[in-house]
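Listing of start36.txt, compact mmCIF, C-alpha atoms and all ligand atoms
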# COMPACT_ATOMS: atom_id res chain seq x y z
CA MET A 1 0.00 0.00 0.00
CA ARG A 2 1.31 3.53 -0.74
CA LEU A 3 0.62 6.66 1.29
CA THR A 4 0.58 10.20 -0.08
CA VAL A 5 2.60 12.63 2.03
CA THR A 6 3.54 16.30 1.83
CA ARG A 7 7.20 17.17 2.34
CA VAL A 8 9.60 20.12 2.23
CA VAL A 9 12.73 19.95 0.07
CA LEU A 10 15.65 22.36 -0.25
CA ASN A 11 14.83 24.40 -3.35
CA SER A 12 17.90 26.63 -3.42
CA ARG A 13 20.80 27.80 -1.24
CA PRO A 14 20.95 31.37 0.12
CA GLY A 15 24.71 31.56 -0.43
CA ASN A 16 27.17 31.67 2.46
CA ASN A 17 26.73 35.44 2.67
CA GLY A 18 23.00 35.49 2.00
CA ALA A 19 19.93 35.71 4.20
CA PRO A 20 17.61 32.69 3.91
CA VAL A 21 14.20 33.23 2.34
CA ALA A 22 11.09 31.04 2.32
CA GLU A 23 11.70 30.36 -1.39
CA ASN A 24 14.82 28.39 -0.44
CA PHE A 25 12.31 25.67 0.49
CA ARG A 26 9.74 23.93 -1.75
CA LEU A 27 6.63 21.94 -0.91
CA GLU A 28 6.13 18.61 -2.69
CA GLU A 29 3.67 15.74 -2.70
CA ALA A 30 5.28 12.32 -2.51
CA THR A 31 4.24 8.72 -1.89
CA LEU A 32 5.76 6.23 0.50
CA SER A 33 5.26 2.52 0.96
CA ALA A 34 3.49 1.44 4.12
CA ASP A 35 5.05 -2.02 3.69
CA LEU A 36 7.86 -1.64 6.25
CA ALA A 37 11.24 -3.30 6.11
CA ASP A 38 12.67 -4.86 9.26
CA GLY A 39 13.59 -2.11 11.75
CA ASP A 40 11.42 0.54 10.07
CA VAL A 41 8.73 2.62 11.78
CA LEU A 42 5.86 4.51 10.12
CA VAL A 43 5.26 7.76 12.02
CA ARG A 44 2.77 10.60 11.75
CA THR A 45 4.40 13.97 12.38
CA LEU A 46 2.89 16.06 15.17
CA CYS A 47 5.38 18.95 15.55
CA LEU A 48 8.59 20.07 13.88
CA SER A 49 11.31 22.43 15.07
CA VAL A 50 13.26 25.11 13.25
CA ASP A 51 16.64 26.05 14.72
CA PRO A 52 19.44 28.51 13.93
CA TYR A 53 21.98 25.73 13.35
CA MET A 54 19.92 24.77 10.28
CA ARG A 55 21.22 27.91 8.57
CA CYS A 56 24.58 26.22 8.16
CA ARG A 57 22.91 23.10 6.72
CA MET A 58 21.65 25.33 3.88
CA ASN A 59 25.28 25.87 2.83
CA GLU A 60 27.24 23.40 0.72
CA ASP A 61 29.56 22.95 3.71
CA THR A 62 28.19 23.19 7.27
CA GLY A 63 31.54 24.09 8.77
CA VAL A 64 31.33 21.24 11.28
CA ASP A 65 31.84 17.49 11.03
CA TYR A 66 28.87 16.45 13.15
CA VAL A 67 26.09 17.75 10.95
CA THR A 68 25.77 17.40 7.18
CA PRO A 69 24.49 19.92 4.61
CA TRP A 70 20.99 19.55 3.18
CA GLN A 71 21.01 18.55 -0.51
CA LEU A 72 19.09 20.36 -3.24
CA SER A 73 15.73 18.79 -4.11
CA GLU A 74 16.00 16.41 -1.17
CA CYS A 75 13.76 16.38 1.89
CA VAL A 76 15.19 18.44 4.75
CA ASP A 77 15.15 17.27 8.35
CA GLY A 78 15.54 18.44 11.94
CA GLY A 79 13.98 18.03 15.35
CA GLY A 80 10.57 16.42 15.30
CA VAL A 81 8.01 14.63 17.49
CA GLY A 82 5.28 12.29 16.32
CA VAL A 83 3.27 9.15 16.93
CA VAL A 84 3.97 5.61 15.74
CA GLU A 85 1.35 4.35 13.26
CA SER A 86 3.02 0.98 12.62
CA SER A 87 6.33 -0.58 13.55
CA ARG A 88 8.72 -3.37 12.60
CA CYS A 89 11.10 -2.29 15.34
CA GLY A 90 11.12 -3.77 18.83
CA LEU A 91 11.82 -0.41 20.43
CA CYS A 92 8.40 1.10 19.77
CA VAL A 93 4.85 0.09 19.00
CA GLU A 94 1.75 1.73 17.50
CA GLY A 95 0.63 4.68 19.62
CA ASP A 96 4.05 5.45 21.12
CA VAL A 97 5.19 9.09 21.08
CA VAL A 98 8.67 9.33 19.58
CA THR A 99 11.16 12.06 18.76
CA SER A 100 14.29 12.41 16.62
CA PHE A 101 16.96 14.97 15.80
CA ASN A 102 16.68 13.89 12.14
CA TRP A 103 12.94 13.94 11.55
CA PRO A 104 12.05 14.52 7.88
CA TRP A 105 9.93 17.61 7.20
CA GLN A 106 7.09 15.37 6.05
CA THR A 107 3.51 14.80 7.19
CA ARG A 108 4.23 11.07 7.56
CA ALA A 109 7.56 9.28 7.30
CA VAL A 110 9.21 5.88 7.44
CA ILE A 111 12.12 6.22 9.86
CA LYS A 112 14.64 3.68 11.10
CA GLY A 113 13.69 2.78 14.67
CA SER A 114 17.34 3.20 15.66
CA VAL A 115 17.18 7.00 15.26
CA LEU A 116 13.91 7.35 17.18
CA GLN A 117 13.66 7.99 20.91
CA LYS A 118 10.47 6.98 22.73
CA VAL A 119 9.30 9.72 25.12
CA ASP A 120 6.74 9.83 27.93
CA PRO A 121 4.08 12.55 27.39
CA LYS A 122 3.62 12.73 31.17
CA LEU A 123 7.08 14.35 31.43
CA VAL A 124 5.66 17.43 29.68
CA ASP A 125 2.05 17.20 30.91
CA GLY A 126 1.04 16.42 27.34
CA HIS A 127 2.74 19.46 25.81
CA LEU A 128 4.60 17.28 23.28
CA SER A 129 6.25 20.26 21.58
CA TYR A 130 8.25 20.80 24.79
CA PHE A 131 10.33 17.77 23.71
CA LEU A 132 11.68 20.02 20.92
CA GLY A 133 12.42 22.94 23.24
CA ALA A 134 12.44 23.33 27.04
CA VAL A 135 12.58 19.57 27.68
CA GLY A 136 14.63 18.92 24.57
CA ILE A 137 17.77 20.11 22.80
CA THR A 138 17.44 23.84 23.53
CA GLY A 139 16.55 23.27 27.19
CA LEU A 140 19.57 20.96 27.44
CA THR A 141 21.72 23.63 25.81
CA ALA A 142 20.61 26.22 28.35
CA LEU A 143 20.93 24.02 31.43
CA LEU A 144 24.20 22.32 30.52
CA GLY A 145 25.70 25.48 29.07
CA VAL A 146 25.16 27.33 32.36
CA ARG A 147 26.27 24.40 34.48
CA GLU A 148 29.37 23.51 32.44
CA LYS A 149 30.67 26.97 31.49
CA GLY A 150 28.91 29.55 33.66
CA HIS A 151 30.53 29.06 37.09
CA VAL A 152 27.27 30.26 38.71
CA THR A 153 27.62 30.07 42.51
CA LYS A 154 24.88 30.56 45.09
CA GLY A 155 25.72 33.41 47.49
CA ALA A 156 28.25 35.00 45.13
CA ASN A 157 25.93 37.93 44.23
CA GLN A 158 26.52 37.35 40.52
CA THR A 159 25.01 39.29 37.61
CA MET A 160 24.15 37.28 34.49
CA VAL A 161 23.46 38.74 31.05
CA VAL A 162 21.78 36.67 28.32
CA SER A 163 21.71 37.70 24.65
CA GLY A 164 19.01 36.23 22.44
CA ALA A 165 17.26 36.13 25.81
CA ALA A 166 13.69 35.75 24.52
CA GLY A 167 14.50 32.71 22.39
CA ALA A 168 14.36 28.99 23.02
CA CYS A 169 17.79 28.69 24.67
CA GLY A 170 18.08 32.18 26.17
CA SER A 171 14.67 32.18 27.86
CA ILE A 172 15.59 28.98 29.72
CA ALA A 173 19.22 29.94 30.39
CA GLY A 174 18.20 33.13 32.24
CA GLN A 175 15.76 31.21 34.42
CA ILE A 176 18.42 28.59 35.21
CA GLY A 177 20.85 31.37 36.11
CA ARG A 178 18.32 32.87 38.53
CA LEU A 179 17.44 29.47 40.03
CA ASP A 180 21.13 28.59 40.43
CA GLY A 181 21.82 31.78 42.38
CA CYS A 182 22.44 34.81 40.19
CA VAL A 183 20.97 37.83 42.00
CA ARG A 184 20.48 39.79 38.80
CA VAL A 185 19.61 38.38 35.36
CA VAL A 186 19.43 40.83 32.45
CA GLY A 187 18.14 39.82 29.01
CA ILE A 188 18.96 41.40 25.65
CA CYS A 189 16.38 40.91 22.89
CA GLY A 190 14.82 42.57 19.87
CA SER A 191 11.45 43.99 20.88
CA ASP A 192 9.60 45.70 23.72
CA GLU A 193 7.10 42.83 23.75
CA LYS A 194 9.95 40.40 24.33
CA CYS A 195 11.36 42.63 27.08
CA ARG A 196 8.01 42.60 28.86
CA ALA A 197 7.79 38.80 28.59
CA LEU A 198 11.28 38.38 30.06
CA VAL A 199 10.53 40.52 33.13
CA ASP A 200 6.83 39.77 33.66
CA ASP A 201 6.69 36.08 32.71
CA LEU A 202 10.20 34.71 33.23
CA GLY A 203 11.48 36.68 36.23
CA PHE A 204 14.38 38.46 34.56
CA SER A 205 15.56 41.47 36.61
CA ALA A 206 15.61 43.70 33.53
CA ALA A 207 15.55 43.54 29.73
CA ILE A 208 17.16 45.59 26.98
CA ASN A 209 15.73 46.06 23.46
CA TYR A 210 18.88 46.19 21.34
CA ARG A 211 16.95 47.48 18.32
CA GLN A 212 15.65 50.56 20.16
CA GLU A 213 17.96 51.18 23.11
CA ASP A 214 21.60 52.18 23.73
CA VAL A 215 22.92 48.79 24.77
CA PRO A 216 26.15 49.98 26.52
CA ALA A 217 24.27 52.66 28.46
CA ARG A 218 21.47 50.27 29.45
CA LEU A 219 23.97 47.60 30.49
CA THR A 220 25.67 50.13 32.80
CA GLU A 221 22.26 51.00 34.24
CA CYS A 222 21.04 47.40 34.66
CA CYS A 223 24.35 45.92 35.81
CA PRO A 224 25.72 48.41 38.37
CA ASN A 225 28.08 45.77 39.78
CA GLY A 226 29.38 44.70 36.37
CA ILE A 227 28.73 41.35 34.68
CA ASP A 228 29.91 37.97 36.00
CA VAL A 229 28.29 35.51 33.56
CA TYR A 230 27.34 36.08 29.92
CA PHE A 231 25.23 33.49 28.08
CA ASP A 232 26.07 34.45 24.50
CA ASN A 233 23.65 33.43 21.75
CA VAL A 234 24.31 36.20 19.25
CA GLY A 235 27.93 37.49 19.06
CA GLY A 236 28.75 40.62 17.06
CA SER A 237 28.43 44.14 18.43
CA ILE A 238 26.00 43.11 21.19
CA SER A 239 28.56 40.73 22.63
CA ASP A 240 31.36 43.27 22.23
CA ALA A 241 29.30 45.68 24.37
CA VAL A 242 28.62 43.04 27.03
CA ILE A 243 32.21 41.82 27.22
CA THR A 244 33.44 45.40 27.68
CA GLN A 245 31.47 45.57 30.95
CA MET A 246 32.35 42.09 32.25
CA ASN A 247 34.23 41.79 35.53
CA SER A 248 37.73 40.38 35.94
CA GLY A 249 37.62 36.61 36.26
CA SER A 250 34.11 36.42 34.76
CA HIS A 251 32.80 33.84 32.28
CA VAL A 252 31.31 33.84 28.77
CA ILE A 253 29.21 30.82 27.78
CA LEU A 254 29.78 30.67 24.03
CA CYS A 255 26.49 29.08 23.00
CA GLY A 256 25.96 30.58 19.53
CA GLN A 257 26.67 33.56 17.32
CA ILE A 258 23.49 33.96 15.30
CA SER A 259 24.32 37.49 14.18
CA GLN A 260 27.10 35.95 12.09
CA TYR A 261 25.33 32.97 10.48
CA ASN A 262 24.60 34.78 7.21
CA LYS A 263 28.27 35.61 6.80
CA ASP A 264 30.98 33.45 5.26
CA VAL A 265 33.02 33.18 8.46
CA PRO A 266 34.24 30.18 10.45
CA TYR A 267 32.60 29.14 13.75
CA PRO A 268 33.33 30.59 16.24
CA PRO A 269 33.56 33.82 14.22
CA PRO A 270 36.66 35.99 14.73
CA LEU A 271 36.62 38.64 17.50
CA SER A 272 37.81 42.23 17.22
CA GLU A 273 41.30 42.95 18.58
CA GLU A 274 39.72 45.17 21.26
CA THR A 275 37.46 42.41 22.50
CA LYS A 276 40.27 39.87 22.45
CA GLU A 277 42.38 42.28 24.51
CA THR A 278 39.54 42.77 27.04
CA LEU A 279 39.18 38.99 27.47
CA ARG A 280 42.92 38.63 28.00
CA ARG A 281 43.39 41.62 30.30
CA LYS A 282 40.43 40.69 32.52
CA ASN A 283 41.12 36.95 32.44
CA ILE A 284 37.58 36.26 31.19
CA THR A 285 36.91 32.65 30.13
CA ARG A 286 35.10 32.19 26.80
CA GLU A 287 34.84 28.48 26.04
CA ARG A 288 32.87 27.06 23.14
CA PHE A 289 29.90 25.02 24.34
CA THR A 290 28.32 22.42 22.04
CA VAL A 291 25.45 20.53 23.61
CA LEU A 292 26.12 17.49 21.44
CA ASN A 293 29.36 17.01 23.40
CA TYR A 294 27.42 16.56 26.67
CA MET A 295 24.76 14.06 25.67
CA ASN A 296 26.01 11.68 28.37
CA GLN A 297 24.36 14.12 30.81
CA ALA A 298 21.15 14.47 28.78
CA GLU A 299 18.98 11.97 30.67
CA ALA A 300 19.55 13.53 34.09
CA ALA A 301 19.32 17.05 32.69
CA LEU A 302 16.04 16.33 30.88
CA CYS A 303 14.64 14.89 34.10
CA GLU A 304 15.57 18.10 35.95
CA LEU A 305 14.11 20.27 33.22
CA SER A 306 10.88 18.24 33.26
CA GLN A 307 10.57 18.60 37.03
CA ARG A 308 11.27 22.34 36.98
CA VAL A 309 8.76 22.92 34.16
CA GLN A 310 6.08 20.81 35.82
CA SER A 311 6.63 22.57 39.16
CA GLY A 312 6.42 26.01 37.53
CA GLN A 313 9.98 26.95 38.48
CA ILE A 314 10.69 27.28 34.76
CA ASN A 315 8.12 28.96 32.53
CA VAL A 316 8.02 27.86 28.88
CA LEU A 317 7.34 30.28 26.04
CA GLU A 318 6.54 29.05 22.53
CA THR A 319 5.57 30.55 19.19
CA VAL A 320 3.48 28.04 17.25
CA VAL A 321 2.52 28.19 13.57
CA ASN A 322 0.34 25.57 11.87
CA GLY A 323 0.96 23.61 8.69
CA ILE A 324 3.94 22.06 6.91
CA GLU A 325 3.50 24.66 4.18
CA ASN A 326 4.75 27.25 6.67
CA MET A 327 8.09 25.59 7.51
CA GLY A 328 10.14 27.96 5.35
CA ASP A 329 8.38 31.04 6.66
CA ALA A 330 8.74 29.82 10.25
CA PHE A 331 12.48 29.26 9.82
CA CYS A 332 13.02 32.71 8.31
CA SER A 333 10.81 34.30 10.96
CA MET A 334 12.85 32.69 13.74
CA MET A 335 16.12 33.80 12.12
CA THR A 336 14.89 37.41 12.12
CA GLY A 337 13.33 37.56 15.58
CA GLY A 338 9.73 36.58 14.87
CA ASN A 339 9.56 34.14 17.75
CA ILE A 340 9.22 34.47 21.48
CA GLY A 341 10.43 31.28 23.09
CA LYS A 342 10.78 28.11 21.03
CA GLN A 343 9.56 28.28 17.43
CA ILE A 344 7.31 25.28 16.79
CA ILE A 345 5.42 24.20 13.67
CA LYS A 346 2.34 22.09 14.39
CA ILE A 347 1.83 19.54 11.61
CA SER A 348 -1.05 17.45 12.89
CA GLU A 349 -3.09 16.79 16.05
N1 LIG B 1 25.90 25.48 21.51
C1 LIG B 1 24.95 24.64 21.16
O1 LIG B 1 25.08 23.41 21.27
C2 LIG B 1 23.70 25.19 20.61
C3 LIG B 1 23.71 26.49 20.22
N2 LIG B 1 22.56 27.08 19.80
C4 LIG B 1 22.64 28.50 19.49
O2 LIG B 1 21.92 29.22 20.47
C5 LIG B 1 21.41 30.43 19.90
C6 LIG B 1 19.91 30.51 20.14
O3 LIG B 1 19.32 29.42 19.48
P1 LIG B 1 17.73 29.16 19.70
O4 LIG B 1 17.37 29.44 21.09
O5 LIG B 1 17.44 27.84 19.11
O6 LIG B 1 17.06 30.28 18.75
P2 LIG B 1 16.05 31.44 19.23
O7 LIG B 1 14.78 30.86 19.66
O8 LIG B 1 16.79 32.31 20.17
O9 LIG B 1 15.81 32.22 17.87
C7 LIG B 1 16.85 33.00 17.30
C8 LIG B 1 16.74 34.42 17.85
O10 LIG B 1 17.98 35.07 17.61
C9 LIG B 1 17.74 36.47 17.60
N3 LIG B 1 18.55 37.07 16.53
C10 LIG B 1 18.51 36.78 15.22
N4 LIG B 1 19.40 37.53 14.55
C11 LIG B 1 20.00 38.33 15.47
C12 LIG B 1 20.99 39.35 15.40
N5 LIG B 1 21.55 39.68 14.23
N6 LIG B 1 21.35 39.97 16.55
C13 LIG B 1 20.76 39.63 17.73
N7 LIG B 1 19.83 38.67 17.86
C14 LIG B 1 19.45 38.03 16.73
C15 LIG B 1 16.23 36.68 17.33
O11 LIG B 1 15.62 37.28 18.47
P3 LIG B 1 15.67 38.88 18.70
O12 LIG B 1 14.28 39.38 18.49
O13 LIG B 1 16.13 38.99 20.11
O14 LIG B 1 16.61 39.45 17.70
C16 LIG B 1 15.70 35.27 17.14
O15 LIG B 1 14.42 35.09 17.72
C17 LIG B 1 21.80 30.38 18.43
O16 LIG B 1 22.99 31.11 18.24
C18 LIG B 1 22.04 28.90 18.18
O17 LIG B 1 22.94 28.68 17.12
C19 LIG B 1 21.35 26.42 19.80
C20 LIG B 1 21.32 25.08 20.16
C21 LIG B 1 22.51 24.35 20.52
C1 LIG B 2 21.36 21.73 18.05
C2 LIG B 2 22.73 21.26 18.38
C3 LIG B 2 23.77 22.11 17.76
C4 LIG B 2 23.91 21.78 16.31
C5 LIG B 2 25.36 21.94 15.96
C6 LIG B 2 25.52 22.60 14.65
O1 LIG B 2 24.96 22.19 13.67
C7 LIG B 2 26.38 23.78 14.62
C8 LIG B 2 26.58 24.43 13.50
C9 LIG B 2 27.45 25.63 13.46
C10 LIG B 2 26.57 26.83 13.35
C11 LIG B 2 26.44 27.44 14.72
C12 LIG B 2 25.20 26.93 15.36
C13 LIG B 2 25.19 26.52 16.61
C14 LIG B 2 26.40 26.52 17.43
C15 LIG B 2 26.59 25.13 17.92
C16 LIG B 2 27.69 25.12 18.90
C17 LIG B 2 28.94 24.68 18.34
O2 LIG B 2 28.98 24.19 17.20
O3 LIG B 2 29.91 24.83 19.09
C18 LIG B 2 27.17 27.68 12.27
O4 LIG B 2 27.93 28.72 12.81
C19 LIG B 2 28.06 26.79 11.45
C20 LIG B 2 28.36 25.61 12.29
O5 LIG B 2 29.64 25.65 12.75
Let me see whether you can do it: turn the structure in this file into C-alpha cells.
Ligand SMILES: NC(=O)C1=CN([C@@H]2O[C@H](COP(=O)(O)OP(=O)(O)OC[C@H]3O[C@@H](n4cnc5c(N)ncnc54)[C@H](OP(=O)(O)O)[C@@H]3O)[C@@H](O)[C@H]2O)C=CC1
Ligand SMILES: CCCCCC(=O)/C=C/[C@@H]1[C@@H](C/C=C\CCCC(=O)O)[C@@H](O)C[C@H]1O
Amino acid sequence: MRLTVTRVVLNSRPGNNGAPVAENFRLEEATLSADLADGDVLVRTLCLSVDPYMRCRMNEDTGVDYVTPWQLSECVDGGGVGVVESSRCGLCVEGDVVTSFNWPWQTRAVIKGSVLQKVDPKLVDGHLSYFLGAVGITGLTALLGVREKGHVTKGANQTMVVSGAAGACGSIAGQIGRLDGCVRVVGICGSDEKCRALVDDLGFSAAINYRQEDVPARLTECCPNGIDVYFDNVGGSISDAVITQMNSGSHVILCGQISQYNKDVPYPPPLSEETKETLRRKNITRERFTVLNYMNQAEAALCELSQRVQSGQINVLETVVNGIENMGDAFCSMMTGGNIGKQIIKISE
C-alpha cells in the first residue's frame, strides 16, 4: 500500500553570505510505501522544530563534522516529534510518542527505529512540543551550558546577562541562572514585547531592546556591579558591548553567534582585537559550548528540566505556527526575531 505525504525539500541555497528566504524551500507531494522493512517505523508527524543551526545546513559545507548539509531537491530534516502508526522495530509500537533529531519535514515518514527515541508525554504534561524545546535540545543547551561553562555560585551575588534572551535557549538559560543563584539576570532581545515577557513572565531582573535602546548605556544602568556571567547566543556588536562591561575573572558561555550565520566566516567567528584584549586583560573565560558534546548528561538534565517545568519553576514560552506549508516562513521568521520562546510548527493533532 502507498501513502501520499507532503514534504519540504531544499529548493535553493541562500549563499554563504545570503539571508535565507522562504523560497529556499519547496513543498512537494510524494508517496511512500506502508510495507515496512525490518527495523522501520511509520510515524505521523505532530510537531517540527526550526533552529538557527539549520542555517549552516543550507550551505554546501556546514563548517562542522557532526552535521551534514541539506542537498538540493532532497527532503530536509531536523527536530521532530510524532506518533507511531506501525512498527517493525522492537523499540516502539503503535501509539508510542517518539522524537528524533533527524525527523524529515514530512507529514508522515518511514524512519529507522534506531534513530527514534520513545518519550513519555507525562514528562511534559502532554505538551509534546516541549520535547523540541524546554525539555529537549534547547533546554539541554541552556541548562548544561550554564552548568558547564557559567561558574554560577549561590551566594556570590553574581550578575548574568543573556543575549538572544527571549528565544528557546536564552529564555531557559536566564531562568536557570536565577534558580542557580544569580541575584540579577538581564536579558537582551529585539522587541519591547519580548522585554516585557522576560521581566513579567520569566522573572528576569531587567531587559534591553537592542533594536531601540543604547545597549552599553542600558547595560551600565542594569548591571551596576558589572557582569559575572554572559550566556552568548548572538555574538557581534551586542557581545562586544557586554564583554566590555564584564568583571575580571568572569565567564562567557559561548552558546551561539546567530548574528554571524549569514556571513561566510568560520565558527566561532573571529573577534575584534579590542574584545580579544579585554578577554585577556580581565582573564575572562570564553569556552565554546556544544550541547552534542554533553549528551552523556542528557537523561539527568532532561529529568531536571521536566521537574522544573512541571513545578512552575521554569516557565516555557513558545511561538506556534500551523501547517507544513509554513516551515520555510517559520524558519526565516525565527532567524529574524519573529519568535518568542521556542519556534514550533504544528503539523497534525
Ligand atoms: N551550543 C549549542 O550546542 C547550541 C547552540 N545554539 C545556538 O543558540 C542560539 C539561540 O538558538 P535558539 O534558542 O534555538 O534560537 P532562538 O529561539 O533564540 O531564535 C533565534 C533568535 O535570535 C535572535 N537574533 C537573530 N538575529 C539576530 C541578530 N543579528 N542579533 C541579535 N539577535 C538576533 C532573534 O531574536 P531577537 O528578536 O532577540 O533578535 C531570534 O528570535 C543560536 O545562536 C544557536 O545557534 C542552539 C542550540 C545548541
Ligand atoms: C542543536 C545542536 C547544535 C547543532 C550543531 C551545529 O549544527 C552547529 C553548527 C554551526 C553553526 C552554529 C550553530 C550553533 C552553534 C553550535 C555550537 C557549536 O557548534 O559549538 C554555524 O555557525 C556553522 C556551524 O559551525
Take every atom of ligand LIG 1 (chain B) listed in the file, pad by 3 Å on each side, and give me the axis-aligned box centre and edge lengths in Å, one decimal, as JSON.
{"center_x": 20.1, "center_y": 31.7, "center_z": 17.9, "size_x": 17.6, "size_y": 22.6, "size_z": 13.3}
Per residue of segment 249-276 of chain A within 7 Å of segment 42-64 of chain A, what are the shortest atom pair and its distance in Å to one decimal, counting all atoms listed in the file, with rows by chain and residue number, as CSV?
residue,atom,partner,partner_atom,distance
A:Ile258,CA,A:Pro52,CA,6.9
A:Tyr261,CA,A:Arg55,CA,6.8
A:Pro266,CA,A:Gly63,CA,6.9
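Counting from atom CA of Cys195 of chain A, the distance to atom CA of Leu317 of chain A is 13.0 Å.
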### Task
Write out as a PyMOL selection string which residues come within 12 Å of segment 289-303 of chain A when counting all atoms listed in the file, dropping same-chain ones fewer than 4 positions away.
chain A and resi 53+64-67+101+117+119-120+122-124+130-150+169+176+231-233+252-257+267-268+285+307-310
### Task
Skip Met160 of chain A itself and residues of its chain fewer than 6 positions away, then list as a list in words all residues within 7 Å of it, counting only C-alpha atoms.
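The filter keeps Gly177, Cys182, Arg184, Val185, Val186, Ile227, Asp228, Val229 and Tyr230 of chain A.
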### Task
For Leu198 of chain A, list every protein, DNA or RNA residue within 8 Å, evaluated using only C-alpha atoms, and leave out those in the same chain fewer than 4 positions away; present the list as a PyMOL selection string.
chain A and resi 165-166+171+187+194+202-204+206-207
### Task
Between atom CA of Ile324 of chain A and atom CA of Ile347 of chain A, measure the distance and give it in Å to one decimal.
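Going from atom CA of Ile324 of chain A over to atom CA of Ile347 of chain A, I get 5.7 Å.
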### Query
At most 9 Å from (20.9, 32.5, 42.4), file frame, all atoms listed in the file: which residues, as an MDAnalysis selection string?
chainID A and resid 152:158 176:184
### Message
When you count all atoms listed in the file, which of these residues is closest to ligand LIG 2 (chain B): A:Gly323, A:Asp192, A:Arg211, A:Gly79?
### Response
A:Gly79
### Task
Counting all atoms listed in the file, figure out which residue out of A:Asp264, A:Glu29, A:Glu318, A:Glu274 gets nearest to ligand LIG 2 (chain B).
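Of the candidates, the smallest distance to ligand LIG 2 (chain B) is held by A:Asp264.
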### Query
Quick one, how far is atom CA of Ala330 of chain A from atom C13 of ligand LIG 2 (chain B)?
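The value is 17.9 Å.
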### Query
Looking at only C-alpha atoms and all ligand atoms, which of A:Glu325, A:Glu304, A:Asp96, A:Glu193 is the one that sits closest to ligand LIG 1 (chain B)?
A:Glu193
### Message
Env of Lys118 of chain A: 7 Å cut, atoms = all atoms listed in the file, seq-sep filter 6 positions within chain, self excluded. Answer as an NGL selection string.
### Response
:A and (92 or 96-99)
Take the residues just selected and output them with C-alpha atoms as a JSON list (two decimals), keeping the file's coordinate frame.
[["chain", "number", "residue", "atom", "x", "y", "z"],
["A", 92, "CYS", "CA", 8.40, 1.10, 19.77],
["A", 96, "ASP", "CA", 4.05, 5.45, 21.12],
["A", 97, "VAL", "CA", 5.19, 9.09, 21.08],
["A", 98, "VAL", "CA", 8.67, 9.33, 19.58],
["A", 99, "THR", "CA", 11.16, 12.06, 18.76]]
### Query
Of the candidates A:Thr107, A:Ser12, A:Ser163, A:Ser311, which shows the shortest atom-to-atom distance to ligand LIG 1 (chain B), using only C-alpha atoms and all ligand atoms?
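Residue with the minimum atom-to-atom distance to ligand LIG 1 (chain B): A:Ser163.
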Within 12 Å of (35.9, 46.3, 37.2) in the file's own coordinates, which protein, DNA or RNA residues have an atom, counting all atoms listed in the file? List them as a compact mmCIF listing (two decimals) with C-alpha atoms, in the frame of the given file.
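That gives us point28.txt:
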# COMPACT_ATOMS: atom_id res chain seq x y z
CA THR A 220 25.67 50.13 32.80
CA CYS A 223 24.35 45.92 35.81
CA PRO A 224 25.72 48.41 38.37
CA ASN A 225 28.08 45.77 39.78
CA GLY A 226 29.38 44.70 36.37
CA ILE A 227 28.73 41.35 34.68
CA ASP A 228 29.91 37.97 36.00
CA ILE A 243 32.21 41.82 27.22
CA THR A 244 33.44 45.40 27.68
CA GLN A 245 31.47 45.57 30.95
CA MET A 246 32.35 42.09 32.25
CA ASN A 247 34.23 41.79 35.53
CA SER A 248 37.73 40.38 35.94
CA GLY A 249 37.62 36.61 36.26
CA SER A 250 34.11 36.42 34.76
CA THR A 278 39.54 42.77 27.04
CA ARG A 281 43.39 41.62 30.30
CA LYS A 282 40.43 40.69 32.52
CA ASN A 283 41.12 36.95 32.44
CA ILE A 284 37.58 36.26 31.19
### Task
Determine the nearest neighbour of ligand LIG 2 (chain B) from the options A:Ala168, A:Leu72, A:Ala217, A:Val162, counting all atoms listed in the file.
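Looking only at the distances to ligand LIG 2 (chain B), the closest residue turns out to be A:Ala168.
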#### Entry: Within 7 Å of Ala30 of chain A using all atoms listed in the file, minus same-chain residues under 3 positions, as a list of chain:residue names
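Answer for this query is A:Thr4, A:Val5, A:Thr6.
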#### Entry: A:Ser191, A:Thr275, A:Ser33, A:Asn102 ranked by distance to ligand LIG 2 (chain B), top pick (using only C-alpha atoms and all ligand atoms)
A:Asn102
Repair of segment 46-55 of chain A at the level of N, CA and C atoms, as a PDB file, keeping the file's coordinate frame:
ATOM      1  N   LEU A  46       3.740  15.171  14.376  1.00  0.00           N
ATOM      2  CA  LEU A  46       2.890  16.060  15.170  1.00  0.00           C
ATOM      3  C   LEU A  46       3.446  17.481  15.160  1.00  0.00           C
ATOM      4  N   CYS A  47       4.745  17.619  15.502  1.00  0.00           N
ATOM      5  CA  CYS A  47       5.380  18.950  15.550  1.00  0.00           C
ATOM      6  C   CYS A  47       6.789  18.859  14.981  1.00  0.00           C
ATOM      7  N   LEU A  48       7.215  19.951  14.359  1.00  0.00           N
ATOM      8  CA  LEU A  48       8.590  20.070  13.880  1.00  0.00           C
ATOM      9  C   LEU A  48       9.228  21.320  14.475  1.00  0.00           C
ATOM     10  N   SER A  49      10.542  21.310  14.523  1.00  0.00           N
ATOM     11  CA  SER A  49      11.310  22.430  15.070  1.00  0.00           C
ATOM     12  C   SER A  49      12.104  23.104  13.954  1.00  0.00           C
ATOM     13  N   VAL A  50      12.287  24.409  14.082  1.00  0.00           N
ATOM     14  CA  VAL A  50      13.260  25.110  13.250  1.00  0.00           C
ATOM     15  C   VAL A  50      14.282  25.738  14.191  1.00  0.00           C
ATOM     16  N   ASP A  51      15.550  25.648  13.831  1.00  0.00           N
ATOM     17  CA  ASP A  51      16.640  26.050  14.720  1.00  0.00           C
ATOM     18  C   ASP A  51      17.714  26.824  13.963  1.00  0.00           C
ATOM     19  N   PRO A  52      18.397  27.719  14.620  1.00  0.00           N
ATOM     20  CA  PRO A  52      19.440  28.510  13.930  1.00  0.00           C
ATOM     21  C   PRO A  52      20.544  27.696  13.296  1.00  0.00           C
ATOM     22  N   TYR A  53      20.876  26.512  13.930  1.00  0.00           N
ATOM     23  CA  TYR A  53      21.980  25.730  13.350  1.00  0.00           C
ATOM     24  C   TYR A  53      21.634  25.280  11.933  1.00  0.00           C
ATOM     25  N   MET A  54      20.326  25.211  11.622  1.00  0.00           N
ATOM     26  CA  MET A  54      19.920  24.770  10.280  1.00  0.00           C
ATOM     27  C   MET A  54      20.432  25.719   9.197  1.00  0.00           C
ATOM     28  N   ARG A  55      20.716  26.976   9.582  1.00  0.00           N
ATOM     29  CA  ARG A  55      21.220  27.910   8.570  1.00  0.00           C
ATOM     30  C   ARG A  55      22.501  27.368   7.944  1.00  0.00           C
TER      31      ARG A  55
END
